[in-house]
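The structure under discussion appears below in the form of structure tokens.
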Amino acid sequence: MWHIAKREIYDNLNSLRFALTTVLLLGLMLINAIVHLQEHPVRMQKYHDAVAKSLNRLKSRTNLYLIAQTGPGYLYKKPSSLHFCADGGEDFLADNVHGGFYAWATDDLAGFWQLDYMPATLNRQNIRPDTIKIDWGFVIGYVLSLIAILFTFDSISGERERGTLRLTLANPVPRHTVLIGKFLGALVSISVPFVLAILMNLLVISTSSEVQLGSDTWSRLGIILFIALLYLCLFLALGLLVSSRVRQSAASLVILLLMWVTFVVFMPGTLASIASGFSPSMTYYEFNERAMRLVGELKDEYEARLQDMPKDPAQKMEFAGEYVIKDVTERERLIHEYLTQQHAQIQLARSVTRVSPVVLVQHLLEVFAGTGFERHQQFVENVQRYAREYREFVTDMDRADPESLHIIGTYEGMSKKPISPESIPMFEDRLSLGRDFNAAAVDLLLLTLFLVVFLSGAFLAFVRVEV
């Protein structure tokens, strides 16, 4: 097995395709590193400036009612330091959530802070970006898979044409040994320039003080490299499978290129377009219509009940606070429904396109690079968790004041004591590697299943091949 693998490696190292592969991968990875070093500092500076502006605005409010009514302002998604690994269509996803308040009832009763998500502009009919970004996802998903095909299309069929396969099998060498030796030889031949290009990429990026790669980041890079090699093995197995079934190398190359175009180029966009029509989400126009109708219904109900209320100021204050909180609850319920429908449609498109290996790899790279749709969902969850903490803080501070009437929602019913800016909880957008593993479990399993199926098929085809 090792002798066959060494022969494959030696033949590949002396071939033109190995030289072209090395130059191509090094060139793409260097371009990726240079572009990232130019874009990442700008992205981080924009993020830090926006966060600082939002925090300064929040800390300027020392009155508990204003803190509760206006909320923390804009909450921003932290850019990933591994953006160069997978762009994830970040340009199409909202990078912030805004909390606002709306006056809806009378001149002396204002609304209260509520989450207001920006509408997603992600193209749900085509989950890929409109322009090609030279990130690791592109290099691995498209270039590396094509290179694997070019290294294996003639592994078996080429030797059958030259008659060397008959001489090899005339010796007491098991067929599975020959197949595994060729597989390992191709794997090492491609892995050498690929890993070299990755090391060059990381070396260039790590020289910049603007890009911080911590221990968690290096762990994620190791996982991404493992996924890339798993994906490479999948296409090597596919190449050996087709090469074992076809007698001529030219026919093998044509079939593999057609399969590559089908799996990598055609299927992701086409299947996503079909899936997007199965569960159409609420449009932004419909959402606005429902929101305006909800406001009208709450206002009419409030004014109708207000006329029947006794003249007791305390009861009227409690009633007003009740409707302010009801307004927040109903609005956020509608916004959450709108957001859930958007996410469900995107999830459906992503689930259908999982039959394509390149989509699986793209999803996995986005998950561990901290970009894309899974990252967006984590950001939304972080925002919702922070919103609960923020409201609990307001409630606790109000309860701690014995002079307060403890009627959240009205100025007269809440505490008037000054609030220290340092005591206000601050939003922190965190990533969890454990949650990322949970999100990636199905895709990892499917990618491994693809590899097992193609390897098994290659073995069965080669065992039965006539030489």
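Note on naming: chains are A, B, ... as they come in the structure tokens, residues start from 1 per chain, ligands start from 1 in the order shown.
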
Q: Please provide as JSON, numbers by chain all residues within 7 Å of stretch 364-369 of chain A, with the sequence filter that same-chain residues fewer than 3 positions apart are discarded (counting only C-alpha atoms).
A: {"A": [82, 83, 85, 86, 88, 137, 220, 224, 360, 361, 372, 374, 375, 436, 440, 443]}

Print the selection's residues with N, CA, C and O atoms to a file, as a compact mmCIF listing (two decimals), in the first residue's frame.
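Once everything was written out, this is result-v7.txt:
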```
# COMPACT_ATOMS: atom_id res chain seq x y z
N LEU A 82 -12.64 35.53 11.93
CA LEU A 82 -12.45 34.50 10.91
C LEU A 82 -13.32 34.76 9.69
O LEU A 82 -13.73 33.83 8.99
N HIS A 83 -13.59 36.02 9.45
CA HIS A 83 -14.40 36.39 8.29
C HIS A 83 -13.74 35.92 7.00
O HIS A 83 -14.42 35.67 5.99
N CYS A 85 -12.43 33.14 6.43
CA CYS A 85 -12.71 31.72 6.20
C CYS A 85 -14.03 31.52 5.46
O CYS A 85 -14.14 30.66 4.59
N ALA A 86 -15.06 32.27 5.86
CA ALA A 86 -16.37 32.15 5.22
C ALA A 86 -17.09 33.48 5.34
O ALA A 86 -17.39 33.93 6.44
N GLY A 88 -20.15 34.14 4.37
CA GLY A 88 -21.46 33.82 4.92
C GLY A 88 -22.56 34.77 4.53
O GLY A 88 -23.61 34.80 5.18
N GLY A 137 -14.10 29.39 2.02
CA GLY A 137 -15.26 28.64 1.55
C GLY A 137 -15.24 28.46 0.05
O GLY A 137 -15.55 27.38 -0.46
N ARG A 220 -10.99 26.79 16.27
CA ARG A 220 -11.95 26.82 15.16
C ARG A 220 -11.23 26.62 13.82
O ARG A 220 -11.76 25.94 12.92
N ILE A 224 -11.95 23.74 11.03
CA ILE A 224 -12.20 24.08 9.62
C ILE A 224 -11.25 23.30 8.71
O ILE A 224 -11.66 22.81 7.64
N LEU A 360 -23.10 21.68 2.33
CA LEU A 360 -22.76 21.19 3.67
C LEU A 360 -21.47 21.84 4.17
O LEU A 360 -21.40 22.30 5.32
N VAL A 361 -20.48 21.88 3.31
CA VAL A 361 -19.20 22.47 3.70
C VAL A 361 -19.35 23.97 3.96
O VAL A 361 -18.79 24.51 4.92
N GLY A 372 -22.49 34.14 8.78
CA GLY A 372 -23.62 33.52 8.13
C GLY A 372 -24.88 33.44 8.98
O GLY A 372 -25.03 34.11 10.00
N GLU A 374 -26.30 30.94 10.83
CA GLU A 374 -26.24 30.41 12.20
C GLU A 374 -25.71 31.47 13.16
O GLU A 374 -26.19 31.60 14.29
N ARG A 375 -24.74 32.22 12.71
CA ARG A 375 -24.20 33.32 13.53
C ARG A 375 -25.28 34.37 13.77
O ARG A 375 -25.41 34.92 14.87
N ASP A 436 -22.06 25.77 18.57
CA ASP A 436 -21.69 25.60 17.17
C ASP A 436 -21.59 24.12 16.80
O ASP A 436 -21.99 23.72 15.70
N ALA A 440 -23.74 22.16 14.00
CA ALA A 440 -23.03 21.53 12.87
C ALA A 440 -23.14 20.01 12.87
O ALA A 440 -22.66 19.37 11.93
N ASP A 443 -24.88 18.41 9.69
CA ASP A 443 -24.08 18.61 8.48
C ASP A 443 -22.81 17.77 8.50
O ASP A 443 -22.41 17.22 7.46
```

Residues near A:Arg350, cut-off 8 Å, only C-alpha atoms, skip fewer than 2 positions along chain, as an mmCIF file with N, CA, C and O atoms, in the first residue's frame:
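Final output, out-v1.cif:
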```
data_model
loop_
_atom_site.group_PDB
_atom_site.id
_atom_site.type_symbol
_atom_site.label_atom_id
_atom_site.label_comp_id
_atom_site.auth_asym_id
_atom_site.auth_seq_id
_atom_site.Cartn_x
_atom_site.Cartn_y
_atom_site.Cartn_z
ATOM 1 N N ILE A 127 -29.180 31.043 -1.828
ATOM 2 C CA ILE A 127 -28.472 31.193 -0.565
ATOM 3 C C ILE A 127 -27.027 31.610 -0.765
ATOM 4 O O ILE A 127 -26.352 31.944 0.193
ATOM 5 N N ALA A 272 -32.668 25.674 -3.759
ATOM 6 C CA ALA A 272 -33.079 26.748 -2.847
ATOM 7 C C ALA A 272 -34.214 27.562 -3.441
ATOM 8 O O ALA A 272 -35.143 27.978 -2.725
ATOM 9 N N ILE A 346 -35.656 30.395 5.335
ATOM 10 C CA ILE A 346 -34.228 30.215 5.055
ATOM 11 C C ILE A 346 -33.773 28.815 5.476
ATOM 12 O O ILE A 346 -33.016 28.151 4.759
ATOM 13 N N GLN A 347 -34.242 28.354 6.637
ATOM 14 C CA GLN A 347 -33.881 27.027 7.120
ATOM 15 C C GLN A 347 -34.363 25.944 6.165
ATOM 16 O O GLN A 347 -33.669 24.946 5.935
ATOM 17 N N LEU A 348 -35.557 26.115 5.605
ATOM 18 C CA LEU A 348 -36.083 25.133 4.660
ATOM 19 C C LEU A 348 -35.205 25.059 3.423
ATOM 20 O O LEU A 348 -34.868 23.968 2.940
ATOM 21 N N VAL A 352 -33.051 21.692 2.245
ATOM 22 C CA VAL A 352 -33.219 21.032 0.948
ATOM 23 C C VAL A 352 -31.896 20.945 0.207
ATOM 24 O O VAL A 352 -31.580 19.938 -0.432
ATOM 25 N N THR A 353 -31.086 21.993 0.289
ATOM 26 C CA THR A 353 -29.819 22.014 -0.456
ATOM 27 C C THR A 353 -28.732 21.182 0.203
ATOM 28 O O THR A 353 -27.611 21.133 -0.316
ATOM 29 N N ARG A 354 -29.035 20.530 1.318
ATOM 30 C CA ARG A 354 -28.024 19.700 1.974
ATOM 31 C C ARG A 354 -27.658 18.461 1.149
ATOM 32 O O ARG A 354 -26.696 17.771 1.486
ATOM 33 N N VAL A 359 -22.728 22.660 -0.230
ATOM 34 C CA VAL A 359 -23.579 23.410 0.695
ATOM 35 C C VAL A 359 -23.293 22.980 2.130
ATOM 36 O O VAL A 359 -23.250 23.809 3.050
#
```

(Q) I'd like the contact shell of A:Gln307 - 12 Å cut-off, only C-alpha atoms, skipping same-chain residues fewer than 5 positions apart - returned as a list in words. (A) Asp300, Glu301, Tyr302, Lys316 and Phe319 of chain A

For the interface of stretch 200-234 of chain A with stretch 175-187 of chain A (cut-off 10 Å, counting only C-alpha atoms), please tabulate each contacting residue of stretch 200-234 of chain A alongside its nearest pair of atoms and their separation in Å to one decimal, rows sorted by chain and increasing number, as JSON lines.
```
{"residue": "A:Leu229", "atom": "CA", "partner": "A:Leu187", "partner_atom": "CA", "distance": 8.5}
{"residue": "A:Leu232", "atom": "CA", "partner": "A:Leu187", "partner_atom": "CA", "distance": 7.6}
{"residue": "A:Cys233", "atom": "CA", "partner": "A:Leu187", "partner_atom": "CA", "distance": 6.9}
```

Selection above as a file: N, CA and C atoms, as a short mmCIF file (atom, residue, chain, number, x, y, z; two decimals), in the first residue's frame:
```
data_model
loop_
_atom_site.label_atom_id
_atom_site.label_comp_id
_atom_site.auth_asym_id
_atom_site.auth_seq_id
_atom_site.Cartn_x
_atom_site.Cartn_y
_atom_site.Cartn_z
N LEU A 229 -10.37 18.79 4.76
CA LEU A 229 -9.77 17.51 4.37
C LEU A 229 -10.83 16.43 4.20
N LEU A 232 -12.31 17.08 0.89
CA LEU A 232 -11.36 16.65 -0.14
C LEU A 232 -11.42 15.14 -0.33
N CYS A 233 -11.46 14.41 0.77
CA CYS A 233 -11.55 12.95 0.69
C CYS A 233 -12.81 12.51 -0.05
#
```

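Minimum distance to A:Met426 across A:Arg290, A:Lys59, A:His98, A:Arg464 (counting only C-alpha atoms) occurs at A:Lys59.
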
Considering only C-alpha atoms, return as a compact mmCIF listing (two decimals) with all heavy atoms, in the first residue's frame whatever protein or nucleic-acid residues lie within 12 Å of A:Glu412, sequence-local ones (same chain, fewer than 2 positions apart) excluded.
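In the end it all went to around01.txt:
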```
# COMPACT_ATOMS: atom_id res chain seq x y z
N LEU A 64 -34.46 56.32 35.85
CA LEU A 64 -34.89 54.94 35.62
C LEU A 64 -35.99 54.86 34.58
O LEU A 64 -36.00 53.93 33.75
CB LEU A 64 -35.36 54.30 36.93
CG LEU A 64 -35.72 52.81 36.84
CD1 LEU A 64 -34.50 52.00 36.43
CD2 LEU A 64 -36.28 52.31 38.16
N TYR A 65 -36.89 55.83 34.58
CA TYR A 65 -37.98 55.80 33.60
C TYR A 65 -37.42 55.94 32.18
O TYR A 65 -37.82 55.22 31.27
CB TYR A 65 -38.99 56.90 33.89
CG TYR A 65 -40.09 56.97 32.85
CD1 TYR A 65 -41.13 56.05 32.84
CD2 TYR A 65 -40.07 57.95 31.86
CE1 TYR A 65 -42.13 56.09 31.89
CE2 TYR A 65 -41.07 58.02 30.90
CZ TYR A 65 -42.10 57.08 30.92
OH TYR A 65 -43.08 57.13 29.96
N ASP A 108 -50.40 62.12 27.03
CA ASP A 108 -49.72 61.98 28.32
C ASP A 108 -49.30 60.55 28.61
O ASP A 108 -48.90 60.24 29.72
CB ASP A 108 -50.64 62.48 29.44
CG ASP A 108 -51.95 61.69 29.51
OD1 ASP A 108 -52.24 60.98 28.52
OD2 ASP A 108 -52.66 61.80 30.53
N LEU A 109 -49.39 59.66 27.63
CA LEU A 109 -48.98 58.26 27.83
C LEU A 109 -48.10 57.84 26.67
O LEU A 109 -48.55 57.78 25.52
CB LEU A 109 -50.21 57.35 27.92
CG LEU A 109 -49.90 55.86 28.18
CD1 LEU A 109 -49.21 55.69 29.52
CD2 LEU A 109 -51.18 55.04 28.13
N PRO A 313 -56.91 58.37 40.56
CA PRO A 313 -55.64 58.49 39.82
C PRO A 313 -54.79 57.23 39.92
O PRO A 313 -54.10 56.87 38.96
CB PRO A 313 -54.95 59.69 40.46
CG PRO A 313 -56.04 60.46 41.12
CD PRO A 313 -57.07 59.46 41.54
N ALA A 314 -54.78 56.57 41.08
CA ALA A 314 -53.95 55.37 41.25
C ALA A 314 -54.40 54.26 40.33
O ALA A 314 -53.59 53.57 39.69
CB ALA A 314 -54.00 54.91 42.71
N LYS A 316 -56.13 54.62 37.51
CA LYS A 316 -55.84 55.02 36.13
C LYS A 316 -54.37 54.82 35.81
O LYS A 316 -54.02 54.42 34.69
CB LYS A 316 -56.23 56.49 35.93
CG LYS A 316 -57.74 56.75 35.95
CD LYS A 316 -58.06 58.19 35.66
CE LYS A 316 -57.68 58.58 34.26
NZ LYS A 316 -58.10 59.96 33.93
N MET A 317 -53.49 55.05 36.80
CA MET A 317 -52.06 54.86 36.57
C MET A 317 -51.73 53.39 36.36
O MET A 317 -50.98 53.02 35.46
CB MET A 317 -51.27 55.42 37.76
CG MET A 317 -49.77 55.52 37.53
SD MET A 317 -48.91 56.05 39.03
CE MET A 317 -49.77 57.59 39.39
N GLU A 318 -52.33 52.52 37.19
CA GLU A 318 -52.12 51.08 37.02
C GLU A 318 -52.66 50.60 35.68
O GLU A 318 -52.04 49.77 35.00
CB GLU A 318 -52.80 50.32 38.16
CG GLU A 318 -52.13 50.48 39.51
CD GLU A 318 -52.81 49.66 40.58
OE1 GLU A 318 -53.69 48.84 40.22
OE2 GLU A 318 -52.46 49.82 41.77
N ALA A 320 -52.96 52.41 32.94
CA ALA A 320 -52.06 52.89 31.88
C ALA A 320 -50.80 52.03 31.79
O ALA A 320 -50.36 51.67 30.70
CB ALA A 320 -51.70 54.35 32.15
N GLY A 321 -50.23 51.71 32.95
CA GLY A 321 -49.03 50.86 32.95
C GLY A 321 -49.31 49.49 32.36
O GLY A 321 -48.48 48.92 31.63
N GLU A 403 -39.91 54.32 47.83
CA GLU A 403 -40.76 55.45 47.51
C GLU A 403 -41.50 55.27 46.19
O GLU A 403 -42.39 56.05 45.85
CB GLU A 403 -39.92 56.73 47.45
CG GLU A 403 -39.24 57.07 48.78
CD GLU A 403 -38.38 58.32 48.66
OE1 GLU A 403 -38.36 58.91 47.56
OE2 GLU A 403 -37.76 58.71 49.66
N SER A 404 -41.14 54.25 45.42
CA SER A 404 -41.78 54.03 44.13
C SER A 404 -43.13 53.34 44.31
O SER A 404 -43.34 52.56 45.25
CB SER A 404 -40.88 53.16 43.26
OG SER A 404 -41.57 52.75 42.08
N LEU A 405 -44.04 53.63 43.38
CA LEU A 405 -45.36 52.96 43.37
C LEU A 405 -45.28 51.60 42.66
O LEU A 405 -46.26 50.87 42.64
CB LEU A 405 -46.39 53.85 42.67
CG LEU A 405 -46.68 55.20 43.36
CD1 LEU A 405 -47.65 56.02 42.53
CD2 LEU A 405 -47.23 54.97 44.76
N HIS A 406 -44.13 51.31 42.04
CA HIS A 406 -43.88 50.02 41.36
C HIS A 406 -44.89 49.75 40.25
O HIS A 406 -45.36 48.62 40.08
CB HIS A 406 -43.89 48.87 42.38
CG HIS A 406 -43.02 49.11 43.57
ND1 HIS A 406 -41.71 49.52 43.46
CD2 HIS A 406 -43.27 49.00 44.91
CE1 HIS A 406 -41.17 49.65 44.66
NE2 HIS A 406 -42.11 49.35 45.57
N ILE A 407 -45.19 50.78 39.48
CA ILE A 407 -46.07 50.62 38.31
C ILE A 407 -45.19 50.85 37.07
O ILE A 407 -44.97 51.99 36.65
CB ILE A 407 -47.25 51.60 38.34
CG1 ILE A 407 -48.07 51.40 39.61
CG2 ILE A 407 -48.14 51.41 37.11
CD1 ILE A 407 -49.19 52.41 39.78
N ILE A 408 -44.66 49.76 36.54
CA ILE A 408 -43.76 49.85 35.38
C ILE A 408 -44.58 50.27 34.16
O ILE A 408 -45.60 49.67 33.84
CB ILE A 408 -43.07 48.51 35.12
CG1 ILE A 408 -42.31 48.04 36.37
CG2 ILE A 408 -42.11 48.62 33.94
CD1 ILE A 408 -41.19 48.94 36.78
N GLY A 409 -44.10 51.32 33.48
CA GLY A 409 -44.78 51.77 32.28
C GLY A 409 -45.21 53.21 32.33
O GLY A 409 -45.50 53.80 31.29
N THR A 410 -45.26 53.78 33.52
CA THR A 410 -45.66 55.19 33.65
C THR A 410 -44.60 55.95 34.44
O THR A 410 -43.94 55.39 35.32
CB THR A 410 -47.01 55.31 34.38
OG1 THR A 410 -46.88 54.78 35.71
CG2 THR A 410 -48.09 54.56 33.64
N MET A 414 -43.00 55.02 38.64
CA MET A 414 -41.68 54.40 38.74
C MET A 414 -40.75 55.22 39.62
O MET A 414 -41.03 56.37 39.95
CB MET A 414 -41.08 54.23 37.34
CG MET A 414 -41.84 53.22 36.48
SD MET A 414 -41.08 52.95 34.87
CE MET A 414 -39.49 52.29 35.35
N SER A 415 -39.62 54.62 39.97
CA SER A 415 -38.64 55.24 40.85
C SER A 415 -38.03 56.47 40.20
O SER A 415 -37.82 56.52 38.99
CB SER A 415 -37.54 54.24 41.20
OG SER A 415 -36.50 54.87 41.91
N LYS A 416 -37.73 57.49 41.04
CA LYS A 416 -37.10 58.72 40.55
C LYS A 416 -35.64 58.82 40.99
O LYS A 416 -34.97 59.82 40.72
CB LYS A 416 -37.86 59.94 41.10
CG LYS A 416 -39.35 59.94 40.83
CD LYS A 416 -39.65 59.94 39.35
CE LYS A 416 -41.15 60.10 39.08
NZ LYS A 416 -41.95 59.02 39.67
```

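The two atoms in question, atom CA of A:Phe92 and atom CA of A:Leu294, are spaced 28.9 Å apart.
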
A:Val383 environment, 9 Å, only C-alpha atoms, sequence neighbours closer than 4 positions dropped, as a short mmCIF file (atom, residue, chain, number, x, y, z; two decimals) with N, CA, C and O atoms, in the first residue's frame:
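Saved file selection-v3.cif follows:
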```
data_model
loop_
_atom_site.label_atom_id
_atom_site.label_comp_id
_atom_site.auth_asym_id
_atom_site.auth_seq_id
_atom_site.Cartn_x
_atom_site.Cartn_y
_atom_site.Cartn_z
N LEU A 75 -28.10 47.52 19.35
CA LEU A 75 -27.26 46.41 19.79
C LEU A 75 -26.59 45.82 18.56
O LEU A 75 -27.27 45.39 17.62
N VAL A 97 -29.63 45.24 16.08
CA VAL A 97 -31.04 45.22 16.47
C VAL A 97 -31.31 46.52 17.20
O VAL A 97 -30.53 46.93 18.07
N LEU A 115 -38.01 45.47 21.33
CA LEU A 115 -37.06 45.07 20.29
C LEU A 115 -37.67 45.27 18.92
O LEU A 115 -38.83 44.97 18.69
N GLN A 378 -27.57 33.16 16.46
CA GLN A 378 -26.95 33.32 17.78
C GLN A 378 -27.00 34.77 18.25
O GLN A 378 -27.23 35.04 19.44
N PHE A 379 -26.78 35.69 17.33
CA PHE A 379 -26.86 37.10 17.67
C PHE A 379 -28.26 37.49 18.15
O PHE A 379 -28.42 38.20 19.15
N ALA A 387 -32.19 41.44 26.46
CA ALA A 387 -33.43 42.19 26.68
C ALA A 387 -34.10 41.76 27.98
O ALA A 387 -34.61 42.60 28.74
N ARG A 388 -34.07 40.45 28.26
CA ARG A 388 -34.65 39.96 29.52
C ARG A 388 -33.83 40.47 30.71
O ARG A 388 -34.41 40.90 31.72
N PHE A 427 -24.58 45.03 26.83
CA PHE A 427 -24.76 43.93 25.88
C PHE A 427 -23.41 43.36 25.48
O PHE A 427 -22.48 44.09 25.17
N GLU A 428 -23.32 42.03 25.48
CA GLU A 428 -22.10 41.34 25.05
C GLU A 428 -22.49 40.25 24.07
O GLU A 428 -23.24 39.33 24.40
N ASP A 429 -22.00 40.39 22.86
CA ASP A 429 -22.30 39.41 21.81
C ASP A 429 -21.27 38.29 21.87
O ASP A 429 -20.11 38.48 21.50
#
```

Q) What lies within 9 Å of A:Ile419 using only C-alpha atoms, ignoring chain neighbours under 3 positions off, as a PyMOL selection string? A) chain A and resi 61-64+67+397+416+422-424

For N, CA and C atoms, I'd like the residues from the last selection saved as a CSV table (one decimal), in the first residue's frame.
```csv
chain,number,residue,atom,x,y,z
A,61,ARG,N,-28.4,58.6,30.3
A,61,ARG,CA,-29.7,58.5,30.9
A,61,ARG,C,-29.6,58.0,32.4
A,62,THR,N,-29.8,58.9,33.3
A,62,THR,CA,-29.7,58.5,34.7
A,62,THR,C,-31.0,58.4,35.4
A,63,ASN,N,-32.1,58.6,34.7
A,63,ASN,CA,-33.4,58.5,35.2
A,63,ASN,C,-33.9,57.1,34.9
A,64,LEU,N,-34.5,56.3,35.9
A,64,LEU,CA,-34.9,54.9,35.6
A,64,LEU,C,-36.0,54.9,34.6
A,67,ILE,N,-34.4,55.2,31.2
A,67,ILE,CA,-33.6,53.9,30.9
A,67,ILE,C,-34.6,52.8,30.5
A,397,MET,N,-34.4,47.4,40.1
A,397,MET,CA,-34.1,48.8,40.6
A,397,MET,C,-35.3,49.5,41.1
A,416,LYS,N,-37.7,57.5,41.0
A,416,LYS,CA,-37.1,58.7,40.6
A,416,LYS,C,-35.6,58.8,41.0
A,422,GLU,N,-22.7,52.7,35.6
A,422,GLU,CA,-21.9,51.5,35.7
A,422,GLU,C,-22.8,50.3,36.1
A,423,SER,N,-23.9,50.5,36.7
A,423,SER,CA,-24.8,49.4,37.2
A,423,SER,C,-25.7,48.9,36.1
A,424,ILE,N,-25.8,49.7,35.0
A,424,ILE,CA,-26.7,49.2,33.9
A,424,ILE,C,-26.0,48.1,33.1
```

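Using only C-alpha atoms, the shortest contact distance between A:Leu433 and any of A:Leu146, A:Ala349, A:Ile223, A:Ile9 is found at A:Ile223.
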
Extract, using only C-alpha atoms, all DNA, RNA and protein residues at most 7 Å from stretch 258-264 of chain A, discarding same-chain residues fewer than 5 positions from it, and format them as a PDB file with N, CA, C and O atoms, in the first residue's frame.
```pdb
ATOM      1  N   TYR A 142     -15.175  25.072  -4.072  1.00  0.00           N
ATOM      2  CA  TYR A 142     -15.142  25.039  -5.534  1.00  0.00           C
ATOM      3  C   TYR A 142     -13.789  24.578  -6.080  1.00  0.00           C
ATOM      4  O   TYR A 142     -13.714  23.638  -6.873  1.00  0.00           O
ATOM      5  N   SER A 356     -26.349  18.647  -1.554  1.00  0.00           N
ATOM      6  CA  SER A 356     -25.118  19.053  -2.236  1.00  0.00           C
ATOM      7  C   SER A 356     -23.980  19.140  -1.225  1.00  0.00           C
ATOM      8  O   SER A 356     -24.091  19.864  -0.233  1.00  0.00           O
ATOM      9  N   PRO A 357     -22.880  18.421  -1.440  1.00  0.00           N
ATOM     10  CA  PRO A 357     -21.759  18.463  -0.490  1.00  0.00           C
ATOM     11  C   PRO A 357     -21.181  19.860  -0.294  1.00  0.00           C
ATOM     12  O   PRO A 357     -20.762  20.209   0.807  1.00  0.00           O
ATOM     13  N   VAL A 358     -21.171  20.683  -1.340  1.00  0.00           N
ATOM     14  CA  VAL A 358     -20.584  22.017  -1.207  1.00  0.00           C
ATOM     15  C   VAL A 358     -21.414  22.879  -0.263  1.00  0.00           C
ATOM     16  O   VAL A 358     -20.873  23.724   0.463  1.00  0.00           O
TER      17      VAL A 358
END
```

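Of the residues listed (A:Lys77, A:Arg331, A:Arg162, A:Lys311), A:Lys77 shows the shortest atom-to-atom separation from A:Leu93; distances use only C-alpha atoms.
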
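Counting from atom CA of A:Ala291, the distance to atom CA of A:Leu334 is 7.3 Å.
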
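Ranking A:Gln114, A:Ser81, A:Ser209, A:Ser252 by their shortest atom-to-atom distance to A:Arg333, with only C-alpha atoms included, puts A:Gln114 first.
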
Q: Among the residues of stretch 135-384 of chain A, find those DSSP assigns to alpha helix (DSSP H) from the backbone and print them as JSON, numbers by chain.
A: {"A": [136, 137, 138, 145, 146, 147, 148, 149, 150, 151, 152, 157, 158, 159, 160, 161, 162, 164, 165, 166, 167, 168, 169, 170, 175, 176, 177, 178, 179, 180, 181, 182, 183, 184, 185, 186, 187, 188, 189, 190, 191, 192, 193, 194, 195, 196, 197, 198, 199, 200, 201, 202, 203, 204, 205, 206, 215, 216, 217, 218, 219, 220, 221, 222, 223, 224, 225, 226, 227, 228, 229, 230, 231, 232, 233, 234, 235, 236, 237, 238, 239, 240, 241, 242, 243, 244, 245, 249, 250, 251, 252, 253, 254, 255, 256, 257, 258, 259, 260, 267, 268, 269, 270, 271, 272, 273, 274, 275, 276, 284, 285, 286, 287, 288, 289, 290, 291, 292, 293, 294, 295, 296, 297, 298, 299, 300, 301, 302, 303, 304, 305, 306, 307, 313, 314, 315, 316, 317, 318, 319, 320, 321, 322, 323, 324, 325, 326, 327, 328, 329, 330, 331, 332, 333, 334, 335, 336, 337, 338, 339, 340, 341, 342, 343, 344, 345, 346, 347, 348, 349, 350, 351, 352, 357, 358, 359, 360, 361, 362, 363, 364, 365, 366, 367, 368, 369, 372, 373, 374, 375, 376, 377, 378, 379, 380, 381, 382, 383, 384]}

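With distances restricted to only C-alpha atoms, A:Ser189 is the closest residue to A:Tyr10 from A:Ser189, A:Thr329, A:Gln345, A:Thr152.
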
Q: Would you mind telling me which residue in A:Gly111, A:Pro402, A:Gly27, A:Gly158 lies nearest to A:Met200 when using only C-alpha atoms?
A: A:Gly27

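For the pair atom CA of A:Ile325 and atom CA of A:Pro418, the interatomic distance is 22.8 Å.
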